[in-house]
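Visitor: I have a structure here, written as structure tokens, and I will follow up with some questions on it.
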Amino acid sequence: MNETYFFINNLIVFVRGVGVPNNDSAFSGTKYSTLPHVIDIWYLFLSISTFNKVKPSAVSGCSSTFQFATWKDIVMMVVGGFCALIHGTAQPLMLLVYGMMTDTFLAYELEVQALKDPNKECINNTIYWINGSVYEMAENSTVYCGMDMEAQMTMFAYYYVGIGIIVLFVCYFQIALWVTAAARQTQRIRKEYFRKVMRMEIGWFDCNSVGELNTRISDDINKINNAIAEQVSIFIQRISTFVFGLFVGFIGGWKLTLVVIAVTPLIGLAALSMLTGQELKAYAKAGAVADEVLSSIRTVAAFGGEEKEAERYDRNLVEAQNLGMRKGTITGFFQGCLWCIIFLCYSLALWYGSQLVIDFKELSPGSLIQVFFAVLVGAINLGQASPCLHVFASGRAAAKTIFETIDREPKIDCFSEEGHKLDKVKGDIEFHNVSFFYPSRPEVKILNDLSMQIKAGETTAFVGPSGSGKSTTIQLIQRFYDPDGGKVTLDGHDIRTLNTKWLRSLIGIVEQEPVLFATTIAENIRFGQPGVTRDEIIQATKEANAYNFIMELPQKFNTMVGEGGGQMSGGQKQRIAIARALIRKPKILLLDMATSALDNESEAIVQEALDKVHMGRTTISITHRLSTIRNADIIIGFEHGQTVEKGTHSELLERKGVFFTLVTLQNRPLSIKGSGGLEPIPADIWQELIIIIYTNIKIIFCSAYYSCRNSVRLRSASTLSNDFVPDKCKDDIDEHVESAPVARILKYNKPEWPYLLLGSLAAFANGAVIPFYAVLFSEIIGAFAIQDINKQRELINGICLTFCFLAIATFFSHFIQSFAFAKSGELLTRRLRTLGFQTILRQEIGWFDDPRNSPGVLTTRLATDASMIQGATGSQIGMVIDSLTNIGASVIIAFYVSWKLTLVILCFLPLVGLSGASQAKLLTGFANEDDEAMEEVGQVSSEALSNIRTIAGLAKESSFVESYEQKLELPLKSSKKKANIYGLCFGFAQCVIFMAYAASFRYGGYLVAFEGLQFNMVFRVISAVVTSGTALGKAFTLTPDFAKAKIAAAKFFKLLDRAPKIRLEGEKWVNSENFRGDIDFVNCKFTYPTRPDVQVLNGLVVSVKSGQTLAFVGCSGCGKSTSIQLLERFYDPDEGQVVIDGRLSHTVNVPFLRAQIGIVSQEPVLFDCSIAENIQYGDNRRIVRMEEIVEAAKKAFLHDFVMTLPDEYETKVGAQGSQLSRGQKQRIAIARAIVRNPKILLLDEATSALDTESEQIVQSALDEARKGRTCIVIAHRLSTIRTADKIAMMSHGVVIELGTHDELMAQRGAYHKLVTTGAPIS
């Protein structure tokens, strides 16, 4: 019964969360609540009944959660469940032994008391008076004697040992089989989910963010794993104990059993399971903010948005913090109620049971203990099942979304083998009355009854304003979407009847913003056509004019391009993408602004190559540079989602329609030929012309709204490939991280010290409850040995009343502890996340180039490390104080009563501690292996989902699925290893307790028989010491949390302590009124931190005075954009200086410097907020008024378009501006720069994405904005820089020619060659 008593003590210890091994110690997953409620089980029953009524697609029930189990998994789960069932019977069986043992001790005590009278003697196992009459007690019962106490205790010890050995084996199989089966199923779920996601049509991705999908793949599937792993076996074990406990109770005494059942608390806690999903959503919002900001870190830094973004991130944490505190409050309330009712139950049951023993003689004292504890232990185990319920609820909530996706059938299945594969493909494409809406914007019609024919073998060019539907038609040809009306045919066959994968294999595409994968140049090209030879790759790069620059790289074709091609310049990326398309030898070639990122010389050569490969292929070209389509067989003009004209170049010019207007505008000379050379157009004529143009095409801007679409085009990231790690970085990765001191962790929790103090006091009170209970329990047993009935009743009534007071005190102490530590822990987590995010935003841009600091890694670090640190503070402090108080008080009581018995029991505590420590150490090691393995898995999924359009266009979904599945093998092996270790440790820890009881009671019997120790003191010592052992075990259960928390804290503090190489604060200030904008690059040499072997700038010397315009021209990759990044102080030069107004750039305050700079880049980054907020982002030092926003929008020729939108300036632009066309995004970026009112203006291909009309007007706005400002322009369209005060011709990181346009043309050098190579000067 001490076993029962032990588990009753565990009622206090386990019910606080240690009844089952801490899930976090085995797996990195959600820490479930430590709020067992005796009747939370009713919630489970309701849930199970609900699962049987609701389809799996609506709610993921118990059955559907296991839908990925094979017969082998089912066998393992059945065997493991059976072992759990057997394990559950161990406690009730021990109660039978415990009851008999209690009666044995009492009988021996009565014998000893009786034989103390010299007038009594023991004859034939019965006590007689010396006169020969039988001795009878008050109730006329005889007293037996002659008991062999040692023999009896030896027999009971054998019972304990036998059950302990059985428990060892069944525990191992219970845990190992369920964990292994869960790992196998989880792997299948990950594979199936990723495979299904990769099968989805592009329209589905428009409505589901990449960040959310990555979260589902990692966090949500982990929650499913937790819900189908060892927690199920633990739950079965608990229910088994509950059922067998009731069975043993009814056998011992049905009346008392019914009384105990009647007062068993029936408390359900559905609230916690509902809160779980809300918490996930709240944290997901903050994670999405972090991911968006870190993915756009250069834009954030350029516009000084660090503080604003930190505040936005912090605001999104508030909701999650409040939900966490609410959860802690509810947990504390119900846990307090549970303990209050349990102790009241103690009081009532012991009082009524004593009546049955003393007055009605229906029970023996041993039967009373047996019945009471059998029912109570059953109820306690039922309550201990509630943490499992919370894990199930969390897993069920996660499984709902996962399984909904798995069950969803894609509208366009790229993996399907269905559909025709034509034997011969000519390439005739025809649109028949096609109407189309994007799934994410069903209210906006993109294509409006479009009909057109594209003949096989011809080159067809699409022209028209931004947003007129040109790119949409290309996506319909690729079958990214299906038309809502009409049809698209290939050689007369509706493409919906053709096999999707086969169709896409016929198509080669080059986009304006090409996506490269995080691997080598050769592998990127091989993505176009698997199995190609090295010679074919070389030939393709030569045709794309990429061979020469590739051969100049140290690793040549084995050079890593970085994540998204981040280590390549725009032109280099474009040429690699062209080579990838050419190597496919496609039947249909789609060119969407294919040469937009190339300089004139490269463009001319690549265009010539493209012209060659057009032959024999159906080619569709979209361009705003009309000179590139002069030789097209057919040119089709688009407007409002319709074709407005069609013909050859000469035919359309003769027709003098839309195309004629576009060509005329684009080829309009910027100067008039006079006798003395080139003369500028008079200002009055130019202004009049602008007014006329603006008036005539105003309607085009207004109608652009109807072209809004969710065509997500991801900009190239600025981070390295996750696979590319320089040697010195590799050395750092293996660097051992020392755990952080607890004192420093607590320092960050210092503002919450009142809550920590209050929670600690409550924990201290909770820790003292069990030792106090041990004393009361032993007193009750001793009371039945008192022969005076009145004294017996008086003592028992007093103890029952004490239990009532204890119940009330326990309610308040548990509530206060849970509430106080929940609040302090949530506040700490929020504070650390905010501090970490602020620290990340303060780092220099070069730090983000390190693959270890990619947006995905940093977002994960913010999400996990900050919350894991709670493992060393918050509620963990309370548990430690609780445990230490428990251990200290228990050991003191035990030594005071019997130091000998205490020492014997203490011998077993190291074994308990050893099992806990080994479990913690091994499982923590496995957790680290899992984290590393899952990071690799996450990199594959993240890259695949981020670049899904490119992957779909290349029909390479299956390649990424195979890579993903291959990466999952290592985590599975680790999980299987972990399952065996976990099972052995768990079994050993459970077995040791039984062995400790066997030895303790055996030796206790000896002390009672030979050394006169009172029998109830044996119970007191064993109860106290085993309780302390349980508390010690709980401390070890917390060890993995604590260890992981210290490691996480060390990593986090390493981040917080890192001093950025370019500090945002601390340098000298410059008076803004005196800032002029003189810039000098003095012998600047520079290599990127992640590519130290590639010299980007090699002695750059150039200067520009205030108010002047400096234009950088040159081949892609010559260092033009790098120069701008040095000026922005994204990097500092390795040698030389950047001088601003005579001051070295590193002495100028960075935020102040960037505040003087406005930038418009080729691929503008917009944030997922309104148009007004995106424009406001231009100046984060102040609140930008609406009048200023409107004024800036007007200057950028954006206002009229915005006013046509239903929500006007409050219209959401979507993730990365995905709801807008390229031209619309670019104009917002220009307005953002204008509202900044900068002294220095940087234009990096600022008008490259605009159609001809838009470019003319926006260029005028930019020309106006340049007045009075220092301006640095990077352009491949030389017409935009003819009027520059200085033109710097760059090559290999140095300026080789410098002067005005006329001066450089007169030199007839490199610039002259660039201008006259054949690429038109538009």
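As shown in the structure tokens, the chain order sets the letters A, B, ...; within each chain, residues go from 1, and ligands are also counted from 1 in the order they appear.
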Please return, as JSON, numbers by chain, all residues of range 55-240 of chain A that DSSP assigns to alpha helix (DSSP H) on the basis of the backbone.
Guide: {"A": [62, 63, 64, 65, 71, 72, 73, 74, 75, 76, 77, 78, 79, 80, 81, 82, 83, 84, 85, 86, 87, 88, 89, 90, 91, 92, 93, 94, 95, 96, 97, 98, 99, 100, 101, 102, 103, 104, 105, 106, 107, 108, 109, 110, 111, 112, 113, 114, 115, 149, 150, 151, 152, 153, 154, 155, 156, 157, 158, 159, 160, 161, 162, 163, 164, 165, 166, 167, 168, 169, 170, 171, 172, 173, 174, 175, 176, 177, 178, 179, 180, 181, 182, 183, 184, 185, 186, 187, 188, 189, 190, 191, 192, 193, 194, 195, 196, 197, 198, 199, 202, 203, 204, 205, 206, 210, 211, 212, 213, 214, 215, 221, 222, 223, 224, 225, 226, 227, 228, 230, 231, 232, 233, 234, 235, 236, 237, 238, 239, 240]}
Visitor: Contacts of Lys72 in chain A at 12 Å or less, counting only C-alpha atoms, minus same-chain residues fewer than 3 places along, as a list in words?
Guide: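 Selected residues are Phe68, Ala69, Val75, Met76, Met77, Val78, Val79, Leu177, Trp178, Thr180, Ala181, Ala182, Arg184 and Gln185 of chain A.
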Visitor: Just the selected residues (C-alpha atoms), exported as a PDB file, in the first residue's frame, please.
Guide:
ATOM      1  CA  PHE A  68      -0.879   6.496 -42.273  1.00  0.00           C
ATOM      2  CA  ALA A  69      -0.153   3.418 -40.129  1.00  0.00           C
ATOM      3  CA  VAL A  75       1.059  -4.509 -34.733  1.00  0.00           C
ATOM      4  CA  MET A  76       3.615  -2.407 -32.850  1.00  0.00           C
ATOM      5  CA  MET A  77       0.904  -0.114 -31.505  1.00  0.00           C
ATOM      6  CA  VAL A  78      -1.301  -3.051 -30.465  1.00  0.00           C
ATOM      7  CA  VAL A  79       1.563  -4.814 -28.680  1.00  0.00           C
ATOM      8  CA  LEU A 177       7.058   0.378 -29.873  1.00  0.00           C
ATOM      9  CA  TRP A 178       4.819   3.450 -29.801  1.00  0.00           C
ATOM     10  CA  THR A 180       9.002   3.822 -33.276  1.00  0.00           C
ATOM     11  CA  ALA A 181       5.566   3.473 -34.841  1.00  0.00           C
ATOM     12  CA  ALA A 182       4.967   7.233 -34.476  1.00  0.00           C
ATOM     13  CA  ARG A 184       7.482   5.826 -39.065  1.00  0.00           C
ATOM     14  CA  GLN A 185       4.020   7.363 -39.471  1.00  0.00           C
TER      15      GLN A 185
END
Visitor: Using DSSP secondary structure from the backbone, list all strand (DSSP E or B) positions within range 117-242 of chain A, as a list in words.
Guide: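 Assigned to strand (DSSP E or B), within range 117-242 of chain A: Lys120, Glu121, Cys122, Ile123, Thr126, Ile127, Tyr128, Trp129, Val134, Glu136, Thr142 and Tyr144 of chain A.
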Visitor: As an exercise, work out the distance from CA of Ser1170 in chain A to CA of Ala1231 in chain A in Å and give it to one decimal place.
Guide: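 Computing the Euclidean distance for CA of Ser1170 in chain A and CA of Ala1231 in chain A yields 13.6 Å.
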Visitor: Pick out the residues sitting within 10 Å of Arg496 in chain A, and hand them over as a list in words; count only C-alpha atoms, and ignore anything fewer than 5 positions along from it in its own chain.
Guide: Ile412, Gly419, His420, Arg479, Tyr481, Asp482, Pro483, Lys487, Val488, Thr489, Leu490 and Leu503 of chain A
